[in-house]
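K.L.:
To be precise about what I am sending: the file is called entry-v1.cif and holds mmCIF, C-alpha atoms.
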```cif
data_work
#
loop_
_atom_site.group_PDB
_atom_site.id
_atom_site.type_symbol
_atom_site.label_atom_id
_atom_site.label_comp_id
_atom_site.auth_asym_id
_atom_site.auth_seq_id
_atom_site.Cartn_x
_atom_site.Cartn_y
_atom_site.Cartn_z
ATOM 1 C CA MET N 1 116.521 157.316 107.434
ATOM 2 C CA PHE N 2 115.552 157.327 111.105
ATOM 3 C CA SER N 3 117.620 159.425 113.490
ATOM 4 C CA TYR N 4 116.971 159.080 117.231
ATOM 5 C CA ARG N 5 118.492 162.490 117.865
ATOM 6 C CA GLU N 6 116.276 164.245 115.306
ATOM 7 C CA ALA N 7 113.138 162.311 116.306
ATOM 8 C CA PHE N 8 113.333 163.439 119.920
ATOM 9 C CA ASP N 9 115.048 166.792 119.502
ATOM 10 C CA ARG N 10 111.942 168.699 120.571
ATOM 11 C CA ASN N 11 112.144 167.078 124.020
ATOM 12 C CA LEU N 12 115.315 169.083 124.604
ATOM 13 C CA GLY N 13 114.886 172.184 126.693
ATOM 14 C CA TRP N 14 112.687 170.325 129.161
ATOM 15 C CA ILE N 15 115.444 167.744 129.401
ATOM 16 C CA THR N 16 119.112 167.987 128.450
ATOM 17 C CA GLU N 17 120.870 166.085 125.663
ATOM 18 C CA SER N 18 122.622 163.896 128.224
ATOM 19 C CA GLU N 19 119.302 163.177 129.948
ATOM 20 C CA GLN N 20 117.784 162.158 126.626
ATOM 21 C CA GLU N 21 120.568 159.611 126.255
ATOM 22 C CA VAL N 22 119.849 158.356 129.772
ATOM 23 C CA LEU N 23 116.202 157.773 128.820
ATOM 24 C CA ARG N 24 117.321 155.986 125.667
ATOM 25 C CA GLY N 25 119.100 153.404 127.806
ATOM 26 C CA LYS N 26 116.335 152.842 130.353
ATOM 27 C CA ARG N 27 113.989 149.847 130.429
ATOM 28 C CA VAL N 28 110.356 150.293 131.480
ATOM 29 C CA ALA N 29 108.041 147.342 132.092
ATOM 30 C CA ILE N 30 104.323 147.645 131.355
ATOM 31 C CA ALA N 31 101.870 144.855 132.139
ATOM 32 C CA GLY N 32 98.617 145.290 130.206
ATOM 33 C CA LEU N 33 98.415 147.208 126.932
ATOM 34 C CA GLY N 34 94.743 148.184 126.886
ATOM 35 C CA GLY N 35 93.237 151.482 128.007
ATOM 36 C CA VAL N 36 96.072 152.956 130.031
ATOM 37 C CA GLY N 37 98.901 150.544 129.194
ATOM 38 C CA GLY N 38 98.803 151.213 125.462
ATOM 39 C CA ALA N 39 98.695 154.965 126.011
ATOM 40 C CA HIS N 40 101.600 154.685 128.482
ATOM 41 C CA LEU N 41 103.679 152.841 125.884
ATOM 42 C CA LEU N 42 103.112 155.420 123.151
ATOM 43 C CA THR N 43 103.776 158.346 125.493
ATOM 44 C CA LEU N 44 107.012 156.823 126.765
ATOM 45 C CA SER N 45 108.065 155.925 123.223
ATOM 46 C CA ARG N 46 107.707 159.577 122.229
ATOM 47 C CA LEU N 47 109.703 160.521 125.318
ATOM 48 C CA GLY N 48 112.507 158.426 123.838
ATOM 49 C CA ILE N 49 112.558 155.484 126.245
ATOM 50 C CA GLY N 50 114.622 152.907 124.375
ATOM 51 C CA ARG N 51 113.750 149.602 126.034
ATOM 52 C CA PHE N 52 110.523 147.987 127.149
ATOM 53 C CA SER N 53 109.296 144.756 128.683
ATOM 54 C CA LEU N 54 105.657 144.334 127.631
ATOM 55 C CA ALA N 55 103.076 141.774 128.717
ATOM 56 C CA ASP N 56 99.556 141.178 127.400
ATOM 57 C CA PHE N 57 97.648 138.060 126.268
ATOM 58 C CA ASP N 58 94.495 139.791 124.999
ATOM 59 C CA SER N 59 93.262 140.809 121.534
ATOM 60 C CA PHE N 60 91.412 143.934 120.433
ATOM 61 C CA GLU N 61 87.588 143.882 120.411
ATOM 62 C CA VAL N 62 84.905 146.376 119.462
ATOM 63 C CA GLN N 63 84.289 147.081 123.164
ATOM 64 C CA ASN N 64 87.793 148.584 123.323
ATOM 65 C CA PHE N 65 87.085 151.351 120.789
ATOM 66 C CA ASN N 66 86.013 153.988 123.307
ATOM 67 C CA ARG N 67 89.393 154.236 125.043
ATOM 68 C CA GLN N 68 92.229 151.981 123.841
ATOM 69 C CA ALA N 69 94.972 153.533 121.725
ATOM 70 C CA GLY N 70 95.445 150.516 119.452
ATOM 71 C CA ALA N 71 91.777 149.633 118.966
ATOM 72 C CA THR N 72 90.583 150.246 115.389
ATOM 73 C CA VAL N 73 88.608 148.375 112.767
ATOM 74 C CA GLY N 74 91.931 147.371 111.256
ATOM 75 C CA THR N 75 93.207 145.779 114.471
ATOM 76 C CA LEU N 76 90.105 143.799 115.452
ATOM 77 C CA GLY N 77 91.112 140.319 116.563
ATOM 78 C CA ARG N 78 94.816 141.122 116.574
ATOM 79 C CA ALA N 79 96.951 140.667 119.672
ATOM 80 C CA LYS N 80 97.318 143.888 121.641
ATOM 81 C CA LEU N 81 100.977 143.083 122.259
ATOM 82 C CA ASP N 82 101.710 142.822 118.523
ATOM 83 C CA VAL N 83 99.767 145.954 117.579
ATOM 84 C CA MET N 84 101.211 148.138 120.321
ATOM 85 C CA SER N 85 104.756 146.885 119.726
ATOM 86 C CA GLU N 86 104.396 147.815 116.066
ATOM 87 C CA MET N 87 103.134 151.272 117.006
ATOM 88 C CA ALA N 88 106.069 151.802 119.372
ATOM 89 C CA ALA N 89 108.508 150.670 116.692
ATOM 90 C CA SER N 90 106.896 153.029 114.183
ATOM 91 C CA ILE N 91 107.789 155.880 116.560
ATOM 92 C CA ASN N 92 111.275 154.584 117.354
ATOM 93 C CA PRO N 93 112.551 151.848 114.992
ATOM 94 C CA ASP N 94 115.515 151.319 117.311
ATOM 95 C CA VAL N 95 113.319 150.389 120.286
ATOM 96 C CA GLU N 96 114.143 147.125 122.056
ATOM 97 C CA ILE N 97 111.093 145.172 123.225
ATOM 98 C CA ARG N 98 110.961 142.029 125.317
ATOM 99 C CA SER N 99 107.543 140.473 124.755
ATOM 100 C CA PHE N 100 105.455 138.317 127.092
ATOM 101 C CA ALA N 101 102.563 137.102 124.955
ATOM 102 C CA ASP N 102 100.922 135.054 127.701
ATOM 103 C CA GLY N 103 100.699 138.069 129.991
ATOM 104 C CA VAL N 104 102.479 138.321 133.297
ATOM 105 C CA HIS N 105 102.028 135.531 135.858
ATOM 106 C CA ASP N 106 103.833 133.639 138.608
ATOM 107 C CA GLY N 107 105.826 131.636 136.079
ATOM 108 C CA ASN N 108 107.366 134.590 134.229
ATOM 109 C CA VAL N 109 107.178 137.630 136.520
ATOM 110 C CA GLU N 110 110.854 137.344 137.485
ATOM 111 C CA ASP N 111 111.921 137.368 133.827
ATOM 112 C CA PHE N 112 109.441 140.160 133.129
ATOM 113 C CA LEU N 113 111.133 142.415 135.700
ATOM 114 C CA ASP N 114 114.735 141.493 134.851
ATOM 115 C CA GLY N 115 116.823 144.597 134.162
ATOM 116 C CA VAL N 116 113.819 146.896 134.642
ATOM 117 C CA ASP N 117 114.337 150.469 135.864
ATOM 118 C CA LEU N 118 110.638 151.249 136.380
ATOM 119 C CA TYR N 119 107.361 149.333 136.382
ATOM 120 C CA ILE N 120 104.153 151.033 135.220
ATOM 121 C CA ASP N 121 100.862 149.290 135.926
ATOM 122 C CA GLY N 122 98.547 148.842 132.948
ATOM 123 C CA LEU N 123 96.582 145.840 134.183
ATOM 124 C CA ASP N 124 92.803 145.760 134.144
ATOM 125 C CA PHE N 125 91.307 147.159 137.352
ATOM 126 C CA PHE N 126 90.041 143.763 138.481
ATOM 127 C CA VAL N 127 93.298 141.805 137.948
ATOM 128 C CA LEU N 128 94.295 142.224 141.574
ATOM 129 C CA ASP N 129 96.196 139.042 142.463
ATOM 130 C CA VAL N 130 98.576 139.383 139.513
ATOM 131 C CA ARG N 131 98.966 143.077 140.298
ATOM 132 C CA ARG N 132 99.944 142.256 143.888
ATOM 133 C CA THR N 133 102.495 139.716 142.652
ATOM 134 C CA VAL N 134 104.172 142.248 140.358
ATOM 135 C CA PHE N 135 104.237 145.037 142.928
ATOM 136 C CA ASP N 136 105.538 142.673 145.626
ATOM 137 C CA LEU N 137 108.442 141.605 143.422
ATOM 138 C CA CYS N 138 109.167 145.237 142.579
ATOM 139 C CA THR N 139 109.453 145.860 146.321
ATOM 140 C CA GLN N 140 111.838 142.916 146.740
ATOM 141 C CA ARG N 141 114.025 144.087 143.862
ATOM 142 C CA GLY N 142 113.954 147.791 144.705
ATOM 143 C CA ILE N 143 112.188 148.727 141.469
ATOM 144 C CA PRO N 144 110.054 151.897 141.532
ATOM 145 C CA ALA N 145 106.464 151.062 140.580
ATOM 146 C CA ILE N 146 103.604 153.400 139.749
ATOM 147 C CA THR N 147 99.932 153.055 138.962
ATOM 148 C CA VAL N 148 97.773 155.802 137.468
ATOM 149 C CA ALA N 149 94.088 154.935 137.501
ATOM 150 C CA PRO N 150 91.565 156.275 134.956
ATOM 151 C CA LEU N 151 88.627 157.385 137.098
ATOM 152 C CA GLY N 152 85.679 159.090 135.459
ATOM 153 C CA MET N 153 87.294 161.919 133.504
ATOM 154 C CA GLY N 154 90.377 162.152 135.666
ATOM 155 C CA ALA N 155 93.439 160.267 136.814
ATOM 156 C CA ALA N 156 94.778 159.210 140.216
ATOM 157 C CA LEU N 157 98.477 158.538 140.817
ATOM 158 C CA LEU N 158 100.144 156.328 143.407
ATOM 159 C CA ALA N 159 103.910 155.764 143.437
ATOM 160 C CA PHE N 160 105.565 152.951 145.363
ATOM 161 C CA MET N 161 109.225 153.758 145.815
ATOM 162 C CA PRO N 162 112.052 151.576 147.200
ATOM 163 C CA GLY N 163 112.262 151.774 150.971
ATOM 164 C CA ARG N 164 108.850 153.393 151.317
ATOM 165 C CA MET N 165 105.351 152.071 151.960
ATOM 166 C CA THR N 166 104.603 148.954 149.904
ATOM 167 C CA PHE N 167 101.583 148.109 147.764
ATOM 168 C CA GLU N 168 100.242 145.579 150.281
ATOM 169 C CA GLU N 169 100.898 147.841 153.272
ATOM 170 C CA TYR N 170 98.884 150.553 151.552
ATOM 171 C CA PHE N 171 95.957 148.571 150.115
ATOM 172 C CA GLY N 172 95.676 145.728 152.661
ATOM 173 C CA LEU N 173 94.207 143.147 150.262
ATOM 174 C CA ASP N 174 95.455 139.989 151.962
ATOM 175 C CA GLY N 175 92.650 137.664 153.056
ATOM 176 C CA CYS N 176 89.857 139.643 151.360
ATOM 177 C CA SER N 177 87.151 138.375 149.014
ATOM 178 C CA GLU N 178 87.393 139.436 145.385
ATOM 179 C CA ALA N 179 84.635 142.033 145.766
ATOM 180 C CA GLU N 180 86.208 143.356 148.955
ATOM 181 C CA LYS N 181 89.594 143.613 147.210
ATOM 182 C CA SER N 182 87.949 145.664 144.469
ATOM 183 C CA ALA N 183 86.347 148.026 146.990
ATOM 184 C CA ARG N 184 89.643 148.476 148.808
ATOM 185 C CA PHE N 185 91.569 148.981 145.586
ATOM 186 C CA LEU N 186 89.085 151.601 144.360
ATOM 187 C CA VAL N 187 89.168 153.626 147.568
ATOM 188 C CA GLY N 188 92.929 153.237 147.910
ATOM 189 C CA LEU N 189 93.423 154.608 144.413
ATOM 190 C CA THR N 190 91.183 157.599 145.007
ATOM 191 C CA PRO N 191 90.767 158.646 148.638
ATOM 192 C CA SER N 192 89.265 161.915 147.377
ATOM 193 C CA MET N 193 86.617 160.077 145.258
ATOM 194 C CA LEU N 194 86.321 163.165 143.027
ATOM 195 C CA GLN N 195 84.757 161.171 140.192
ATOM 196 C CA THR N 196 81.651 159.989 142.034
ATOM 197 C CA GLY N 197 79.941 163.387 141.977
ATOM 198 C CA TYR N 198 79.150 163.181 138.252
ATOM 199 C CA LEU N 199 78.488 159.455 137.882
ATOM 200 C CA VAL N 200 75.079 159.731 136.210
ATOM 201 C CA ASP N 201 74.252 156.010 136.259
ATOM 202 C CA PRO N 202 75.663 154.166 139.301
ATOM 203 C CA SER N 203 74.145 150.909 138.066
ATOM 204 C CA ARG N 204 76.944 150.789 135.497
ATOM 205 C CA VAL N 205 79.433 150.186 138.326
ATOM 206 C CA ASP N 206 79.321 146.717 139.865
ATOM 207 C CA LEU N 207 82.581 145.672 141.503
ATOM 208 C CA ALA N 208 81.288 142.212 142.359
ATOM 209 C CA GLN N 209 80.502 141.611 138.669
ATOM 210 C CA ARG N 210 83.835 143.166 137.580
ATOM 211 C CA ARG N 211 82.150 145.893 135.579
ATOM 212 C CA GLY N 212 82.624 149.651 135.301
ATOM 213 C CA PRO N 213 82.484 152.524 132.778
ATOM 214 C CA SER N 214 85.512 154.252 131.242
ATOM 215 C CA THR N 215 86.513 157.272 129.143
ATOM 216 C CA VAL N 216 89.365 157.957 126.733
ATOM 217 C CA MET N 217 89.961 161.324 128.440
ATOM 218 C CA ALA N 218 90.907 159.555 131.643
ATOM 219 C CA CYS N 219 93.263 157.169 129.832
ATOM 220 C CA ASP N 220 95.032 160.031 128.052
ATOM 221 C CA LEU N 221 95.382 161.983 131.295
ATOM 222 C CA CYS N 222 96.851 158.881 132.931
ATOM 223 C CA ALA N 223 99.474 158.577 130.204
ATOM 224 C CA GLY N 224 100.575 162.181 130.612
ATOM 225 C CA ILE N 225 100.866 161.830 134.369
ATOM 226 C CA ALA N 226 102.635 158.465 134.164
ATOM 227 C CA GLY N 227 105.056 159.794 131.549
ATOM 228 C CA THR N 228 105.934 162.776 133.720
ATOM 229 C CA GLU N 229 106.393 160.612 136.802
ATOM 230 C CA ALA N 230 108.549 158.210 134.784
ATOM 231 C CA LEU N 231 110.752 161.085 133.644
ATOM 232 C CA LYS N 232 111.284 162.254 137.227
ATOM 233 C CA ILE N 233 112.046 158.781 138.540
ATOM 234 C CA LEU N 234 114.335 157.722 135.690
ATOM 235 C CA LEU N 235 116.289 160.981 135.667
ATOM 236 C CA GLY N 236 116.334 161.350 139.446
ATOM 237 C CA ARG N 237 114.976 164.878 139.508
ATOM 238 C CA GLY N 238 111.711 166.417 140.625
ATOM 239 C CA ARG N 239 109.775 165.474 143.747
ATOM 240 C CA VAL N 240 107.972 162.147 143.780
ATOM 241 C CA PHE N 241 105.055 161.922 146.228
ATOM 242 C CA ALA N 242 105.296 158.259 147.247
ATOM 243 C CA ALA N 243 102.500 156.344 148.981
ATOM 244 C CA PRO N 244 100.822 157.019 151.367
ATOM 245 C CA TRP N 245 100.685 160.256 149.361
ATOM 246 C CA GLY N 246 98.375 160.229 146.355
ATOM 247 C CA ILE N 247 97.472 162.739 143.651
ATOM 248 C CA HIS N 248 94.111 162.900 141.857
ATOM 249 C CA PHE N 249 93.324 165.326 139.026
ATOM 250 C CA ASP N 250 89.755 165.475 137.757
ATOM 251 C CA ALA N 251 89.287 167.380 134.501
ATOM 252 C CA TYR N 252 85.481 167.375 134.743
ATOM 253 C CA LYS N 253 85.563 169.123 138.101
ATOM 254 C CA ASN N 254 88.703 171.135 137.305
ATOM 255 C CA ARG N 255 90.148 169.994 140.618
ATOM 256 C CA LEU N 256 93.491 168.699 141.817
ATOM 257 C CA LYS N 257 93.557 166.878 145.146
ATOM 258 C CA ARG N 258 96.647 165.667 147.002
ATOM 259 C CA THR N 259 95.889 163.066 149.654
ATOM 260 C CA TRP N 260 97.873 161.626 152.552
ATOM 261 C CA ARG N 261 96.701 158.444 154.236
ATOM 262 C CA PRO N 262 99.196 157.158 156.832
ATOM 263 C CA GLY N 263 98.525 153.452 157.163
ATOM 264 C CA GLY N 264 96.842 153.370 153.758
ATOM 265 C CA ASN N 265 93.470 151.649 153.850
ATOM 266 C CA SER N 266 93.772 151.036 157.593
ATOM 267 C CA HIS N 267 93.381 154.801 158.120
ATOM 268 C CA PRO N 268 89.993 155.605 159.722
ATOM 269 C CA LEU N 269 88.899 157.783 156.791
ATOM 270 C CA GLN N 270 89.730 155.006 154.374
ATOM 271 C CA ARG N 271 87.844 152.403 156.369
ATOM 272 C CA ALA N 272 84.743 154.589 156.289
ATOM 273 C CA LEU N 273 85.099 155.141 152.532
ATOM 274 C CA ILE N 274 85.588 151.418 151.934
ATOM 275 C CA ALA N 275 82.362 150.684 153.801
ATOM 276 C CA LEU N 276 80.565 153.270 151.669
ATOM 277 C CA ALA N 277 82.023 151.898 148.431
ATOM 278 C CA ARG N 278 81.086 148.383 149.474
ATOM 279 C CA ARG N 279 77.461 149.346 150.075
ATOM 280 C CA ARG N 280 77.196 151.371 146.885
ATOM 281 C CA PHE N 281 79.220 149.367 144.380
ATOM 282 C CA ALA N 282 79.822 145.898 145.878
ATOM 283 C CA PRO N 283 76.998 144.919 148.228
ATOM 284 C CA SER N 284 78.116 141.264 148.221
ATOM 285 C CA ALA N 285 81.561 142.152 149.614
ATOM 286 C CA ARG N 286 82.460 141.373 153.203
ATOM 287 C CA ASP N 287 85.167 143.012 155.295
ATOM 288 C CA PRO N 288 87.223 140.275 157.006
ATOM 289 C CA LYS N 289 89.036 142.684 159.314
#
```
Could I get this file's structure written as structure tokens?

P.N.:
Amino acid sequence: MFSYREAFDRNLGWITESEQEVLRGKRVAIAGLGGVGGAHLLTLSRLGIGRFSLADFDSFEVQNFNRQAGATVGTLGRAKLDVMSEMAASINPDVEIRSFADGVHDGNVEDFLDGVDLYIDGLDFFVLDVRRTVFDLCTQRGIPAITVAPLGMGAALLAFMPGRMTFEEYFGLDGCSEAEKSARFLVGLTPSMLQTGYLVDPSRVDLAQRRGPSTVMACDLCAGIAGTEALKILLGRGRVFAAPWGIHFDAYKNRLKRTWRPGGNSHPLQRALIALARRRFAPSARDPK
């Protein structure tokens, strides 16, 4: 018979028994259950988070095999939401999941974030308008929101905390073309650009065509970082470096870089990097500002 206390006993020592019970009662929302979102869900389930709001409309395909936690021959064609919910429940049968099978959108985002203690971004890199909508509502409701991007063989963290710099203030996507938004989002996620030094085939990155390579190592690193940040936020202990601070760890280069960009993408260094990214990865983009 399942016992929550026994299942998560080995967490104790790094957290207290009372803190474990706090995590059991918290609700985390994750939009997107592919590369990073699925890994986030499993990591947080093993941490003992007891409640989730999950959104995804997609199904598993062969192209997902290189990085997505739920992608196997046995799950081909199955809804990611169903597969990942089953995996979470197989870790914690007592888990409570609110499901949004048509993904997150303007019509359901308020319900999606109801009662949520933390939002963790798992959306595809190029789903920028929906991402802005979710982060904007998190700001309005005072919900902490984090994104950890899989970049090369590393992970870059940005945390947007209540009362601090917002997603839009940092990225400055309003009024931009889709390709320009992608360039700004890329550079905003990784001001250090650690991953570009070992990109062996730049032709595989085309922001205008919504295409880019990925690795499972990056997704797994993202889940570990997101899980740790979630623990700190939900338990109210440990320093959280909120935007305009960012943290990028690259396992290939064995480097950790902490960045600070006052003004976000309006910072002079960021504007120069955006121009470089636009020329290299999105030549059809235009800067409207």

K.L.:
Would you list the contacts of Met87 in chain N as a ChimeraX atom specification, taking every protein, DNA or RNA residue within 12 Å and counting only C-alpha atoms, but skipping same-chain residues closer than 6 positions in sequence?

P.N.:
/N:33,38-39,41-46,69-71,75,80-81,93,95,97

K.L.:
Evaluate the PyMOL selection byres ((chain N and resi 215) around 8) on the structure here and hand back the selected residues as a ChimeraX atom specification.

P.N.:
/N:66-67,150,152-153,213-214,216-219

K.L.:
Output the selection as a short mmCIF file (atom, residue, chain, number, x, y, z; two decimals), in the frame of the given file - C-alpha atoms for each residue.

P.N.:
```cif
data_model
loop_
_atom_site.label_atom_id
_atom_site.label_comp_id
_atom_site.auth_asym_id
_atom_site.auth_seq_id
_atom_site.Cartn_x
_atom_site.Cartn_y
_atom_site.Cartn_z
CA ASN N 66 86.01 153.99 123.31
CA ARG N 67 89.39 154.24 125.04
CA PRO N 150 91.56 156.28 134.96
CA GLY N 152 85.68 159.09 135.46
CA MET N 153 87.29 161.92 133.50
CA PRO N 213 82.48 152.52 132.78
CA SER N 214 85.51 154.25 131.24
CA VAL N 216 89.36 157.96 126.73
CA MET N 217 89.96 161.32 128.44
CA ALA N 218 90.91 159.56 131.64
CA CYS N 219 93.26 157.17 129.83
#
```

K.L.:
Which residue out of N:Val240, N:Ile30, N:Ala156, N:Leu189 has the minimum interatomic distance to Arg255 in chain N when all atoms listed in the file are used?

P.N.:
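Going through N:Val240, N:Ile30, N:Ala156, N:Leu189 one by one, the smallest distance to Arg255 in chain N is for N:Ala156.
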
K.L.:
How many Å separate CA of Asp129 in chain N from CA of Ser182 in chain N?

P.N.:
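CA of Ser182 in chain N lies 10.8 Å from CA of Asp129 in chain N.
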
K.L.:
Counting only C-alpha atoms, which of N:Met1, N:Leu207, N:Ala155, N:Leu12 gets nearest to Ser177 in chain N?

P.N.:
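Of N:Met1, N:Leu207, N:Ala155, N:Leu12, the one nearest Ser177 in chain N, counting only C-alpha atoms, is N:Leu207.
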
K.L.:
Would you give me, as CSV, each residue of range 74-185 of chain N having an atom within 9 Å of an atom of range 267-283 of chain N, along with its shortest atom pair and that distance in Å to one decimal, using only C-alpha atoms and sorting by chain and residue number?

P.N.:
```
residue,atom,partner,partner_atom,distance
N:Ala179,CA,N:Ala282,CA,6.2
N:Glu180,CA,N:Arg278,CA,7.2
N:Ser182,CA,N:Ala282,CA,8.3
N:Ala183,CA,N:Arg278,CA,5.8
N:Arg184,CA,N:Ile274,CA,5.9
```

K.L.:
Need to verify the contact set: Phe171 in chain N, 7 Å, all atoms listed in the file, exclusion of same-chain residues closer than 4 positions in sequence. Can you return it as a PyMOL selection string?

P.N.:
chain N and resi 167+184-185+188+264-265

K.L.:
List as a ChimeraX atom specification the protein and nucleic acid residues near Gln195 in chain N, meaning an atom at most 8 Å away when all atoms listed in the file are counted, but skip any in the same chain fewer than 2 places from it.

P.N.:
/N:151-154,193,197-199,250

K.L.:
Write out the residues from the selection above, keeping C-alpha atoms, as an mmCIF file, in the coordinates of the input.

P.N.:
```cif
data_model
loop_
_atom_site.group_PDB
_atom_site.id
_atom_site.type_symbol
_atom_site.label_atom_id
_atom_site.label_comp_id
_atom_site.auth_asym_id
_atom_site.auth_seq_id
_atom_site.Cartn_x
_atom_site.Cartn_y
_atom_site.Cartn_z
ATOM 1 C CA LEU N 151 88.627 157.385 137.098
ATOM 2 C CA GLY N 152 85.679 159.090 135.459
ATOM 3 C CA MET N 153 87.294 161.919 133.504
ATOM 4 C CA GLY N 154 90.377 162.152 135.666
ATOM 5 C CA MET N 193 86.617 160.077 145.258
ATOM 6 C CA GLY N 197 79.941 163.387 141.977
ATOM 7 C CA TYR N 198 79.150 163.181 138.252
ATOM 8 C CA LEU N 199 78.488 159.455 137.882
ATOM 9 C CA ASP N 250 89.755 165.475 137.757
#
```

K.L.:
Go ahead and compute the interatomic distance for CA of Lys257 in chain N and CA of Val187 in chain N, in Å to one decimal.

P.N.:
14.2 Å

K.L.:
Given only C-alpha atoms as the basis, pick out the residue of N:Ala243, N:Val36, N:Ile15, N:Ala230 nearest to Arg164 in chain N.

P.N.:
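Closest to Arg164 in chain N of all the choices is N:Ala243.
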
K.L.:
Rounded to one decimal place, report the CA of Trp14 in chain N-CA of Ala31 in chain N distance in Å.

P.N.:
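Separation between CA of Trp14 in chain N and CA of Ala31 in chain N: 27.8 Å.
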
K.L.:
Tell me, as a ChimeraX atom specification, which residues lie within 9 Å of Phe2 in chain N, counting only C-alpha atoms; anything in the same chain fewer than 4 positions away does not count.

P.N.:
/N:6-7,92-94

K.L.:
Quick one: of N:Asp114, N:Glu19, N:Glu96, N:Glu169, who's nearest to Phe52 in chain N, counting all atoms listed in the file?

P.N.:
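Ranking N:Asp114, N:Glu19, N:Glu96, N:Glu169 by distance to Phe52 in chain N, first place goes to N:Glu96.
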
K.L.:
Which one is closest to Asp136 in chain N: N:Ile49, N:Ala79, N:Met161, N:Leu234? Count only C-alpha atoms.

P.N.:
N:Met161

K.L.:
Mind working out the centre and edge lengths of an axis-aligned box for range 211-227 of chain N, all listed atoms inside, 5 Å added to each side, rounded to one decimal in Å and written as AutoDock Vina command-line options?

P.N.:
```
--center_x 93.6 --center_y 154.0 --center_z 131.2 --size_x 32.9 --size_y 26.3 --size_z 18.8
```

K.L.:
Can you tell me which residues surround Leu235 in chain N at a distance of at most 8 Å, considering all atoms listed in the file, apart from same-chain residues fewer than 3 positions away, and format the answer as an mmCIF file with C-alpha atoms, keeping the file's coordinate frame?

P.N.:
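Saved the output as around.cif:
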```
data_model
loop_
_atom_site.group_PDB
_atom_site.id
_atom_site.type_symbol
_atom_site.label_atom_id
_atom_site.label_comp_id
_atom_site.auth_asym_id
_atom_site.auth_seq_id
_atom_site.Cartn_x
_atom_site.Cartn_y
_atom_site.Cartn_z
ATOM 1 C CA GLU N 19 119.302 163.177 129.948
ATOM 2 C CA VAL N 22 119.849 158.356 129.772
ATOM 3 C CA LEU N 23 116.202 157.773 128.820
ATOM 4 C CA LEU N 231 110.752 161.085 133.644
ATOM 5 C CA LYS N 232 111.284 162.254 137.227
#
```

K.L.:
From the options N:Leu221, N:Ala149, N:Leu158, N:Ala29, which residue's atoms come nearest to Trp260 in chain N, counting all atoms listed in the file?

P.N.:
N:Leu158

K.L.:
Written as a list of chain:residue names, which residues does the PyMOL selection byres ((chain N and resi 108) around 12) give for the file shown?

P.N.:
N:Ala31, N:Ser53, N:Leu54, N:Ala55, N:Ser99, N:Phe100, N:Ala101, N:Asp102, N:Gly103, N:Val104, N:His105, N:Asp106, N:Gly107, N:Val109, N:Glu110, N:Asp111, N:Phe112, N:Leu113, N:Asp114, N:Val130, N:Thr133, N:Val134, N:Leu137

K.L.:
Could the residues in this selection be saved with C-alpha atoms as a PDB file, in the coordinates of the input?

P.N.:
```pdb
ATOM      1  CA  ALA N  31     101.870 144.855 132.139  1.00  0.00           C
ATOM      2  CA  SER N  53     109.296 144.756 128.683  1.00  0.00           C
ATOM      3  CA  LEU N  54     105.657 144.334 127.631  1.00  0.00           C
ATOM      4  CA  ALA N  55     103.076 141.774 128.717  1.00  0.00           C
ATOM      5  CA  SER N  99     107.543 140.473 124.755  1.00  0.00           C
ATOM      6  CA  PHE N 100     105.455 138.317 127.092  1.00  0.00           C
ATOM      7  CA  ALA N 101     102.563 137.102 124.955  1.00  0.00           C
ATOM      8  CA  ASP N 102     100.922 135.054 127.701  1.00  0.00           C
ATOM      9  CA  GLY N 103     100.699 138.069 129.991  1.00  0.00           C
ATOM     10  CA  VAL N 104     102.479 138.321 133.297  1.00  0.00           C
ATOM     11  CA  HIS N 105     102.028 135.531 135.858  1.00  0.00           C
ATOM     12  CA  ASP N 106     103.833 133.639 138.608  1.00  0.00           C
ATOM     13  CA  GLY N 107     105.826 131.636 136.079  1.00  0.00           C
ATOM     14  CA  VAL N 109     107.178 137.630 136.520  1.00  0.00           C
ATOM     15  CA  GLU N 110     110.854 137.344 137.485  1.00  0.00           C
ATOM     16  CA  ASP N 111     111.921 137.368 133.827  1.00  0.00           C
ATOM     17  CA  PHE N 112     109.441 140.160 133.129  1.00  0.00           C
ATOM     18  CA  LEU N 113     111.133 142.415 135.700  1.00  0.00           C
ATOM     19  CA  ASP N 114     114.735 141.493 134.851  1.00  0.00           C
ATOM     20  CA  VAL N 130      98.576 139.383 139.513  1.00  0.00           C
ATOM     21  CA  THR N 133     102.495 139.716 142.652  1.00  0.00           C
ATOM     22  CA  VAL N 134     104.172 142.248 140.358  1.00  0.00           C
ATOM     23  CA  LEU N 137     108.442 141.605 143.422  1.00  0.00           C
TER      24      LEU N 137
END
```

K.L.:
Care to translate the PyMOL selection byres ((chain N and resi 162) around 9) into actual residues of this file, as a ChimeraX atom specification?

P.N.:
/N:138-145,160-161,163-166
